[in-house]
>>> print(open('final-v5.csv').read())   # CSV, C-alpha atoms
chain,number,residue,atom,x,y,z
A,225,MET,CA,206.6,98.4,147.6
A,226,GLU,CA,203.6,97.6,149.7
A,227,ILE,CA,201.2,98.1,146.8
A,228,PHE,CA,202.6,95.0,145.1
A,229,GLU,CA,202.1,93.0,148.2
A,230,ILE,CA,198.5,94.2,148.5
A,231,VAL,CA,197.7,93.5,144.9
A,232,SER,CA,199.4,90.1,145.1
A,233,PHE,CA,197.4,89.3,148.2
A,234,GLY,CA,194.2,90.4,146.5
A,235,MET,CA,194.9,88.3,143.4
A,236,LEU,CA,195.7,85.3,145.5
A,237,ALA,CA,192.5,85.7,147.5
A,238,ALA,CA,190.5,86.1,144.2
A,239,ILE,CA,191.9,82.9,142.8
A,240,LEU,CA,191.1,81.1,146.1
A,241,VAL,CA,187.6,82.4,146.0
A,242,ILE,CA,187.1,81.3,142.4
A,243,ILE,CA,188.3,77.8,143.3
A,244,VAL,CA,186.2,77.5,146.5
A,245,ARG,CA,183.0,79.4,145.4
A,246,ASP,CA,181.3,76.4,143.7
A,247,GLN,CA,181.9,74.0,146.6
A,248,SER,CA,181.2,76.4,149.5
A,249,PRO,CA,179.8,79.9,148.9
A,250,SER,CA,179.9,80.8,152.6
A,251,ILE,CA,183.6,80.1,152.9
A,252,SER,CA,184.3,82.1,149.7
A,253,PHE,CA,182.4,85.0,151.1
A,254,PHE,CA,184.4,84.7,154.4
A,255,ILE,CA,187.6,84.8,152.3
A,256,VAL,CA,186.5,87.9,150.5
A,257,MET,CA,185.5,89.6,153.8
A,258,LEU,CA,188.8,88.6,155.5
A,259,THR,CA,190.8,89.8,152.6
A,260,GLY,CA,189.1,93.2,152.6
A,261,ILE,CA,189.6,93.6,156.4
A,262,ILE,CA,193.3,92.7,156.2
A,263,ILE,CA,193.9,95.2,153.3
A,264,PHE,CA,192.0,97.8,155.3
A,265,LEU,CA,194.1,97.1,158.4
A,266,VAL,CA,197.3,97.5,156.3
A,267,LEU,CA,196.1,100.8,155.0
A,268,ILE,CA,195.2,102.2,158.4
A,269,GLN,CA,198.8,102.8,159.2
A,270,HIS,CA,199.2,105.0,156.1
A,271,ILE,CA,195.9,106.8,156.9
A,272,ALA,CA,197.2,107.6,160.4
A,273,GLU,CA,200.3,109.1,158.9
A,274,ILE,CA,198.3,111.3,156.6
A,275,PHE,CA,196.3,112.5,159.6
A,276,ARG,CA,199.5,113.4,161.5
A,277,LEU,CA,200.9,115.2,158.6
A,278,LEU,CA,197.7,117.2,158.1
A,279,SER,CA,197.6,118.0,161.8
A,280,THR,CA,201.1,119.4,161.6
A,281,LEU,CA,200.4,121.4,158.5
A,282,THR,CA,197.2,122.8,160.1
A,283,THR,CA,199.2,123.9,163.2
A,284,LYS,CA,201.9,125.5,161.1
A,285,ALA,CA,199.3,127.3,158.9
A,286,ASN,CA,197.4,128.6,162.0
A,287,ILE,CA,194.1,127.1,160.8
A,288,ASN,CA,191.4,126.1,163.2
A,289,PHE,CA,191.8,122.3,163.5
A,290,MET,CA,188.1,121.9,164.1
A,291,TYR,CA,187.5,122.4,160.3
A,292,VAL,CA,190.2,120.1,159.2
A,293,GLU,CA,189.2,117.4,161.7
A,294,THR,CA,185.6,117.6,160.5
A,295,ILE,CA,186.7,117.2,156.9
A,296,LEU,CA,188.9,114.2,157.8
A,297,LYS,CA,186.0,112.6,159.7
A,298,ILE,CA,183.8,113.1,156.6
A,299,ILE,CA,186.4,111.5,154.4
A,300,GLY,CA,186.7,108.6,156.9
A,301,ILE,CA,183.0,108.1,157.0
A,302,ALA,CA,182.9,108.0,153.2
A,303,TYR,CA,185.6,105.4,153.0
A,304,ILE,CA,184.3,103.2,155.8
A,305,SER,CA,180.7,103.3,154.5
A,306,GLU,CA,181.9,102.5,150.9
A,307,PHE,CA,184.1,99.6,152.2
A,308,GLY,CA,181.2,98.1,154.2
A,309,ALA,CA,178.8,98.5,151.4
A,310,GLN,CA,181.2,96.8,149.0
A,311,ILE,CA,181.6,93.8,151.3
A,312,ILE,CA,177.8,93.5,151.7
A,313,ARG,CA,177.4,93.8,147.9
A,314,ASP,CA,179.9,90.9,147.5
A,315,ALA,CA,177.4,88.9,149.6
A,316,GLY,CA,174.7,89.7,147.1
A,317,LEU,CA,172.8,92.0,149.5
A,318,ASN,CA,172.4,95.1,147.5
A,319,SER,CA,169.5,96.6,149.5
A,320,ILE,CA,171.5,96.5,152.7
A,321,ALA,CA,174.5,97.9,151.0
A,322,SER,CA,172.4,100.8,149.8
A,323,LYS,CA,171.2,101.5,153.4
A,324,ILE,CA,174.8,101.5,154.6
A,325,GLU,CA,175.7,104.1,151.9
A,326,LEU,CA,172.6,106.1,152.9
A,327,ALA,CA,173.7,106.1,156.5
A,328,GLY,CA,177.1,107.3,155.5
A,329,LYS,CA,175.7,110.2,153.5
A,330,ILE,CA,173.4,111.2,156.4
A,331,PHE,CA,176.4,111.2,158.8
A,332,ILE,CA,178.4,113.2,156.4
A,333,LEU,CA,175.6,115.8,156.1
A,334,VAL,CA,175.4,116.0,159.9
A,335,LEU,CA,179.1,116.7,160.2
A,336,ALA,CA,179.0,119.2,157.3
A,337,VAL,CA,176.4,121.5,158.9
A,338,PRO,CA,178.9,123.4,161.2
A,339,ILE,CA,181.2,124.0,158.2
A,340,LEU,CA,178.3,125.2,156.1
A,341,THR,CA,177.1,127.5,158.9
A,342,ALA,CA,180.6,129.0,159.3
A,343,VAL,CA,180.8,129.6,155.5
A,344,VAL,CA,177.4,131.3,155.5
A,345,GLU,CA,178.2,133.4,158.5
A,346,THR,CA,181.5,134.5,156.9
A,347,ILE,CA,179.7,135.5,153.7
A,348,LEU,CA,177.1,137.4,155.6
A,349,SER,CA,179.7,139.3,157.5
A,350,PHE,CA,181.0,140.7,154.2
A,351,ILE,CA,177.6,141.9,153.1
A,352,PRO,CA,176.7,145.3,154.5
A,353,VAL,CA,173.3,145.4,156.2
>>> encode(input="final-v5.csv", output="structure tokens")
Amino acid sequence: MEIFEIVSFGMLAAILVIIVRDQSPSISFFIVMLTGIIIFLVLIQHIAEIFRLLSTLTTKANINFMYVETILKIIGIAYISEFGAQIIRDAGLNSIASKIELAGKIFILVLAVPILTAVVETILSFIPV
């Protein structure tokens, strides 16, 4: 299973970082960053498969794909901003990591506005005037 490969790769990278950290902190950070990027690239294939499956299910269920697409974008922004913030935190830069998380939250809110508007309009259409 791929999860064993990913965990083994992560453990190997962690051991390497522990060994190198005292002699060269910059190289150890580079190893951490490279490990995170490689794991993320491996996971992208699986994420793409999930998107294809959800797209197929959306078409079969006759649901407006705009809403599903927006939700998937929101999930993607959450994962990417969290991933970036964790890498920056590993470098010891918590204030910049917090700004990345804030930017992710703002982008999520911007994408959520059309869905919230549609929900409110739907609720208002049920209320007699």
>>> closest_residue(input="final-v5.csv", among="A:Leu278, A:Leu326, A:Leu317, A:Leu240", to="A:Tyr291", atoms="all atoms listed in the file")
A:Leu278
>>> closest_residue(input="final-v5.csv", among="A:Ile312, A:Ile274, A:Lys329, A:Ala285", to="A:Ile298", atoms="all atoms listed in the file")
A:Lys329
>>> atom_distance(input="final-v5.csv", atom1="atom CA of A:Ser305", atom2="atom CA of A:Ser279")
23.6 Å
>>> closest_residue(input="final-v5.csv", among="A:Leu348, A:Val256, A:Val266, A:Val231", to="A:Val244", atoms="only C-alpha atoms")
A:Val256
>>> atom_distance(input="final-v5.csv", atom1="atom CA of A:Phe275", atom2="atom CA of A:Leu335")
17.7 Å
>>> atom_distance(input="final-v5.csv", atom1="atom CA of A:Ala238", atom2="atom CA of A:Ser252")
9.2 Å
>>> closest_residue(input="final-v5.csv", among="A:Gly260, A:Ile295, A:Pro352, A:Phe253", to="A:Gly234", atoms="only C-alpha atoms")
A:Gly260
>>> closest_residue(input="final-v5.csv", among="A:Phe233, A:Asn288, A:Glu306, A:Ala327", to="A:Ile262", atoms="only C-alpha atoms")
A:Phe233
>>> closest_residue(input="final-v5.csv", among="A:Tyr303, A:Phe289, A:Phe254, A:Phe350", to="A:Ile332", atoms="all atoms listed in the file")
A:Tyr303
